[in-house]
Amino acid sequence: MKPVIGITSYEQEASWGHWTLPAALIPVSYVRSVELAGGRPLVVPPVADAVDETLEALDGLVLSGGADVDPAHFAEGLHPMTTGLHPERDEAELMLLEAALAREMPVLAICRGMQILNVSRGGSLHQHLPERVAHNGHREARGTFSEHGVRMATGSRTAAIIGHEAR
């Protein structure tokens, strides 16, 4: 039986068929990636209740990318460039993550998901990276996905699975 991997989603208005309604969305590339890795993807809507029931159905959790995390979660004011806050998503993902970690469930945090992981552990965030790194290379163009090379910690479980470097 394939492991069931939950992928967090976000609520946004979407159009399909004859309808334009709020929907729980996730780019299909997350779904396909879980399938390619041998898992059964399950989209998890941004709902903060029934966290334990949700996690009972999962073998692992992917915290997906998306909009900025509300700086109130790391005791900072709102930067003028911080946009697209989704408080209900923040709350749902923080609760899911805490419960998943308490169960020692495998969690993969991608982009915004890494920010949620950092904030949940008491960390802070730089709200506008170009002010810190003097370029905007982490975002190729609005509405596109960026790719970054990463290095895994020597001896880590991730390095054992995918090697020391990946893109």
# chains A, B, ... in the order shown; residues from 1 in each chain; ligands from 1
>>> select_by_dssp(residues="stretch 46-164 of chain A", states="helix (DSSP H, G or I)", output="ChimeraX atom specification")
/A:51-56,71-74,87-102,112-120,129-133,157-162
>>> select_by_dssp(residues="chain A", states="strand (DSSP E)", output="NGL selection string")
:A and (4-8 or 10-16 or 19-25 or 40-44 or 60-63 or 107-109 or 150-151 or 165-166)
>>> closest_atom_pairs(of="stretch 27-79 of chain A", to="stretch 108-128 of chain A", cutoff="12 Å", atoms="only C-alpha atoms", output="JSON lines")
{"residue": "A:Tyr30", "atom": "CA", "partner": "A:Ile110", "partner_atom": "CA", "distance": 10.1}
{"residue": "A:Val34", "atom": "CA", "partner": "A:Leu108", "partner_atom": "CA", "distance": 11.0}
{"residue": "A:Asp59", "atom": "CA", "partner": "A:Leu108", "partner_atom": "CA", "distance": 11.9}
{"residue": "A:Gly60", "atom": "CA", "partner": "A:Leu108", "partner_atom": "CA", "distance": 8.1}
{"residue": "A:Leu61", "atom": "CA", "partner": "A:Leu108", "partner_atom": "CA", "distance": 6.4}
{"residue": "A:Val62", "atom": "CA", "partner": "A:Leu108", "partner_atom": "CA", "distance": 4.8}
{"residue": "A:Leu63", "atom": "CA", "partner": "A:Gly113", "partner_atom": "CA", "distance": 4.5}
{"residue": "A:Ser64", "atom": "CA", "partner": "A:Ile110", "partner_atom": "CA", "distance": 5.3}
{"residue": "A:Gly65", "atom": "CA", "partner": "A:Arg112", "partner_atom": "CA", "distance": 4.4}
{"residue": "A:Gly66", "atom": "CA", "partner": "A:Arg112", "partner_atom": "CA", "distance": 5.5}
{"residue": "A:Ala67", "atom": "CA", "partner": "A:Arg112", "partner_atom": "CA", "distance": 6.8}
{"residue": "A:Asp68", "atom": "CA", "partner": "A:Arg112", "partner_atom": "CA", "distance": 6.8}
{"residue": "A:Val69", "atom": "CA", "partner": "A:Ile116", "partner_atom": "CA", "distance": 7.1}
{"residue": "A:Asp70", "atom": "CA", "partner": "A:Gln127", "partner_atom": "CA", "distance": 9.6}
{"residue": "A:Pro71", "atom": "CA", "partner": "A:Gln127", "partner_atom": "CA", "distance": 7.9}
{"residue": "A:Ala72", "atom": "CA", "partner": "A:Ser124", "partner_atom": "CA", "distance": 10.2}
{"residue": "A:His73", "atom": "CA", "partner": "A:Val119", "partner_atom": "CA", "distance": 6.8}
{"residue": "A:Phe74", "atom": "CA", "partner": "A:Ser124", "partner_atom": "CA", "distance": 5.3}
{"residue": "A:Ala75", "atom": "CA", "partner": "A:Ser124", "partner_atom": "CA", "distance": 8.1}
{"residue": "A:Glu76", "atom": "CA", "partner": "A:Ser124", "partner_atom": "CA", "distance": 8.5}
{"residue": "A:Gly77", "atom": "CA", "partner": "A:Gln127", "partner_atom": "CA", "distance": 9.8}
{"residue": "A:Leu78", "atom": "CA", "partner": "A:Gln127", "partner_atom": "CA", "distance": 8.3}
{"residue": "A:His79", "atom": "CA", "partner": "A:Gln127", "partner_atom": "CA", "distance": 6.5}
>>> atom_distance(atom1="atom CA of A:Met105", atom2="atom CA of A:Glu53")
14.0 Å
>>> residues_around(residues="A:Asp52", least_positions_apart="6", cutoff="12 Å", atoms="only C-alpha atoms", output="list in words")
Leu58, Ala92, Met95, Leu96, Leu97, Glu98, Ala99, Ala100, Leu101, Ala102 and Arg103 of chain A
>>> write_last_selection(atoms="C-alpha atoms", output="PDB file, in the first residue's frame")
ATOM      1  CA  LEU A  58      -1.652  10.472   6.690  1.00  0.00           C
ATOM      2  CA  ALA A  92      -4.133  25.490  10.253  1.00  0.00           C
ATOM      3  CA  MET A  95      -1.472  23.340  14.260  1.00  0.00           C
ATOM      4  CA  LEU A  96      -0.914  20.538  11.718  1.00  0.00           C
ATOM      5  CA  LEU A  97       2.847  20.908  11.986  1.00  0.00           C
ATOM      6  CA  GLU A  98       2.912  20.849  15.793  1.00  0.00           C
ATOM      7  CA  ALA A  99       0.746  17.738  15.877  1.00  0.00           C
ATOM      8  CA  ALA A 100       2.751  16.041  13.092  1.00  0.00           C
ATOM      9  CA  LEU A 101       6.046  16.712  14.871  1.00  0.00           C
ATOM     10  CA  ALA A 102       4.608  15.430  18.164  1.00  0.00           C
ATOM     11  CA  ARG A 103       3.794  12.170  16.326  1.00  0.00           C
TER      12      ARG A 103
END
>>> residues_around(residues="A:Ala14", least_positions_apart="5", cutoff="12 Å", atoms="only C-alpha atoms", output="list in words")
Trp19, Thr20, Leu21, Pro22, Ala23, Ala24, Leu25 and Ile26 of chain A
>>> atom_distance(atom1="atom CA of A:Ser33", atom2="atom CA of A:Thr83")
27.5 Å
>>> residues_around(residues="A:Arg40", least_positions_apart="2", cutoff="10 Å", atoms="only C-alpha atoms", output="list in words")
Met1, Lys2, Pro3, Val4, Ile5, Gly6, Val31, Arg32, Val34, Glu35, Leu36, Ala37, Gly38, Leu42, Leu58 and Asp59 of chain A
>>> atom_distance(atom1="atom CA of A:Ala166", atom2="atom CA of A:Val150")
5.5 Å
>>> decode(residues="stretch 88-131 of chain A", atoms="N, CA and C atoms", output="mmCIF file, in the first residue's frame")
data_model
loop_
_atom_site.group_PDB
_atom_site.id
_atom_site.type_symbol
_atom_site.label_atom_id
_atom_site.label_comp_id
_atom_site.auth_asym_id
_atom_site.auth_seq_id
_atom_site.Cartn_x
_atom_site.Cartn_y
_atom_site.Cartn_z
ATOM 1 N N GLU A 88 -6.045 32.140 8.301
ATOM 2 C CA GLU A 88 -6.617 30.809 8.521
ATOM 3 C C GLU A 88 -5.646 29.718 8.071
ATOM 4 N N ARG A 89 -4.889 29.982 7.019
ATOM 5 C CA ARG A 89 -3.899 29.008 6.561
ATOM 6 C C ARG A 89 -2.751 28.930 7.557
ATOM 7 N N ASP A 90 -2.284 30.089 8.032
ATOM 8 C CA ASP A 90 -1.212 30.092 9.035
ATOM 9 C C ASP A 90 -1.604 29.234 10.232
ATOM 10 N N GLU A 91 -2.786 29.494 10.785
ATOM 11 C CA GLU A 91 -3.236 28.764 11.975
ATOM 12 C C GLU A 91 -3.351 27.268 11.702
ATOM 13 N N ALA A 92 -3.957 26.906 10.581
ATOM 14 C CA ALA A 92 -4.133 25.490 10.253
ATOM 15 C C ALA A 92 -2.785 24.792 10.098
ATOM 16 N N GLU A 93 -1.857 25.420 9.379
ATOM 17 C CA GLU A 93 -0.560 24.777 9.144
ATOM 18 C C GLU A 93 0.272 24.708 10.414
ATOM 19 N N LEU A 94 0.221 25.738 11.248
ATOM 20 C CA LEU A 94 0.960 25.689 12.511
ATOM 21 C C LEU A 94 0.423 24.568 13.402
ATOM 22 N N MET A 95 -0.888 24.414 13.456
ATOM 23 C CA MET A 95 -1.472 23.340 14.260
ATOM 24 C C MET A 95 -1.146 21.963 13.679
ATOM 25 N N LEU A 96 -1.261 21.811 12.360
ATOM 26 C CA LEU A 96 -0.914 20.538 11.718
ATOM 27 C C LEU A 96 0.542 20.177 11.969
ATOM 28 N N LEU A 97 1.419 21.160 11.808
ATOM 29 C CA LEU A 97 2.847 20.908 11.986
ATOM 30 C C LEU A 97 3.157 20.481 13.415
ATOM 31 N N GLU A 98 2.642 21.208 14.396
ATOM 32 C CA GLU A 98 2.912 20.849 15.793
ATOM 33 C C GLU A 98 2.460 19.426 16.088
ATOM 34 N N ALA A 99 1.272 19.084 15.628
ATOM 35 C CA ALA A 99 0.746 17.738 15.877
ATOM 36 C C ALA A 99 1.539 16.678 15.111
ATOM 37 N N ALA A 100 1.953 16.989 13.885
ATOM 38 C CA ALA A 100 2.751 16.041 13.092
ATOM 39 C C ALA A 100 4.106 15.800 13.748
ATOM 40 N N LEU A 101 4.746 16.861 14.214
ATOM 41 C CA LEU A 101 6.046 16.712 14.871
ATOM 42 C C LEU A 101 5.911 15.937 16.181
ATOM 43 N N ALA A 102 4.833 16.166 16.916
ATOM 44 C CA ALA A 102 4.608 15.430 18.164
ATOM 45 C C ALA A 102 4.462 13.932 17.895
ATOM 46 N N ARG A 103 3.946 13.576 16.727
ATOM 47 C CA ARG A 103 3.794 12.170 16.326
ATOM 48 C C ARG A 103 5.051 11.616 15.662
ATOM 49 N N GLU A 104 6.049 12.478 15.476
ATOM 50 C CA GLU A 104 7.264 12.127 14.738
ATOM 51 C C GLU A 104 6.933 11.706 13.311
ATOM 52 N N MET A 105 5.932 12.375 12.727
ATOM 53 C CA MET A 105 5.534 12.133 11.346
ATOM 54 C C MET A 105 6.523 12.839 10.426
ATOM 55 N N PRO A 106 6.922 12.214 9.332
ATOM 56 C CA PRO A 106 7.799 12.893 8.371
ATOM 57 C C PRO A 106 7.109 14.130 7.790
ATOM 58 N N VAL A 107 7.859 15.243 7.746
ATOM 59 C CA VAL A 107 7.346 16.506 7.214
ATOM 60 C C VAL A 107 8.358 17.048 6.214
ATOM 61 N N LEU A 108 7.881 17.432 5.042
ATOM 62 C CA LEU A 108 8.697 18.130 4.053
ATOM 63 C C LEU A 108 8.140 19.540 3.940
ATOM 64 N N ALA A 109 8.973 20.530 4.225
ATOM 65 C CA ALA A 109 8.555 21.932 4.183
ATOM 66 C C ALA A 109 9.172 22.597 2.960
ATOM 67 N N ILE A 110 8.327 23.164 2.107
ATOM 68 C CA ILE A 110 8.773 23.784 0.859
ATOM 69 C C ILE A 110 8.430 25.267 0.896
ATOM 70 N N CYS A 111 9.410 26.124 0.675
ATOM 71 C CA CYS A 111 9.227 27.568 0.547
ATOM 72 C C CYS A 111 8.486 28.132 1.759
ATOM 73 N N ARG A 112 7.252 28.544 1.606
ATOM 74 C CA ARG A 112 6.465 29.054 2.732
ATOM 75 C C ARG A 112 6.432 28.014 3.858
ATOM 76 N N GLY A 113 6.389 26.739 3.493
ATOM 77 C CA GLY A 113 6.387 25.684 4.499
ATOM 78 C C GLY A 113 7.611 25.743 5.395
ATOM 79 N N MET A 114 8.774 26.094 4.832
ATOM 80 C CA MET A 114 9.979 26.257 5.649
ATOM 81 C C MET A 114 9.827 27.447 6.590
ATOM 82 N N GLN A 115 9.130 28.481 6.127
ATOM 83 C CA GLN A 115 8.877 29.637 6.983
ATOM 84 C C GLN A 115 7.966 29.244 8.149
ATOM 85 N N ILE A 116 6.934 28.459 7.859
ATOM 86 C CA ILE A 116 6.038 27.971 8.913
ATOM 87 C C ILE A 116 6.828 27.128 9.917
ATOM 88 N N LEU A 117 7.688 26.241 9.426
ATOM 89 C CA LEU A 117 8.511 25.408 10.302
ATOM 90 C C LEU A 117 9.397 26.272 11.190
ATOM 91 N N ASN A 118 10.061 27.259 10.609
ATOM 92 C CA ASN A 118 10.936 28.149 11.360
ATOM 93 C C ASN A 118 10.160 28.912 12.439
ATOM 94 N N VAL A 119 9.033 29.490 12.059
ATOM 95 C CA VAL A 119 8.225 30.267 12.999
ATOM 96 C C VAL A 119 7.694 29.370 14.118
ATOM 97 N N SER A 120 7.304 28.148 13.786
ATOM 98 C CA SER A 120 6.774 27.233 14.800
ATOM 99 C C SER A 120 7.823 26.869 15.845
ATOM 100 N N ARG A 121 9.084 26.954 15.478
ATOM 101 C CA ARG A 121 10.175 26.643 16.398
ATOM 102 C C ARG A 121 10.702 27.894 17.096
ATOM 103 N N GLY A 122 9.987 29.025 16.948
ATOM 104 C CA GLY A 122 10.375 30.260 17.628
ATOM 105 C C GLY A 122 11.263 31.170 16.813
ATOM 106 N N GLY A 123 11.487 30.859 15.548
ATOM 107 C CA GLY A 123 12.346 31.680 14.699
ATOM 108 C C GLY A 123 11.631 32.902 14.157
ATOM 109 N N SER A 124 12.409 33.765 13.538
ATOM 110 C CA SER A 124 11.850 34.950 12.886
ATOM 111 C C SER A 124 12.162 34.868 11.392
ATOM 112 N N LEU A 125 11.619 35.804 10.634
ATOM 113 C CA LEU A 125 11.817 35.827 9.188
ATOM 114 C C LEU A 125 12.221 37.219 8.740
ATOM 115 N N HIS A 126 12.971 37.277 7.649
ATOM 116 C CA HIS A 126 13.212 38.542 6.958
ATOM 117 C C HIS A 126 12.063 38.688 5.971
ATOM 118 N N GLN A 127 11.264 39.732 6.154
ATOM 119 C CA GLN A 127 10.043 39.849 5.357
ATOM 120 C C GLN A 127 10.285 40.254 3.913
ATOM 121 N N HIS A 128 11.393 40.901 3.626
ATOM 122 C CA HIS A 128 11.646 41.329 2.244
ATOM 123 C C HIS A 128 13.106 41.023 1.911
ATOM 124 N N LEU A 129 13.356 39.851 1.319
ATOM 125 C CA LEU A 129 14.721 39.371 1.079
ATOM 126 C C LEU A 129 15.605 40.324 0.281
ATOM 127 N N PRO A 130 15.106 41.014 -0.746
ATOM 128 C CA PRO A 130 16.003 41.901 -1.494
ATOM 129 C C PRO A 130 16.703 42.946 -0.620
ATOM 130 N N GLU A 131 16.107 43.321 0.487
ATOM 131 C CA GLU A 131 16.761 44.259 1.403
ATOM 132 C C GLU A 131 17.928 43.609 2.137
#
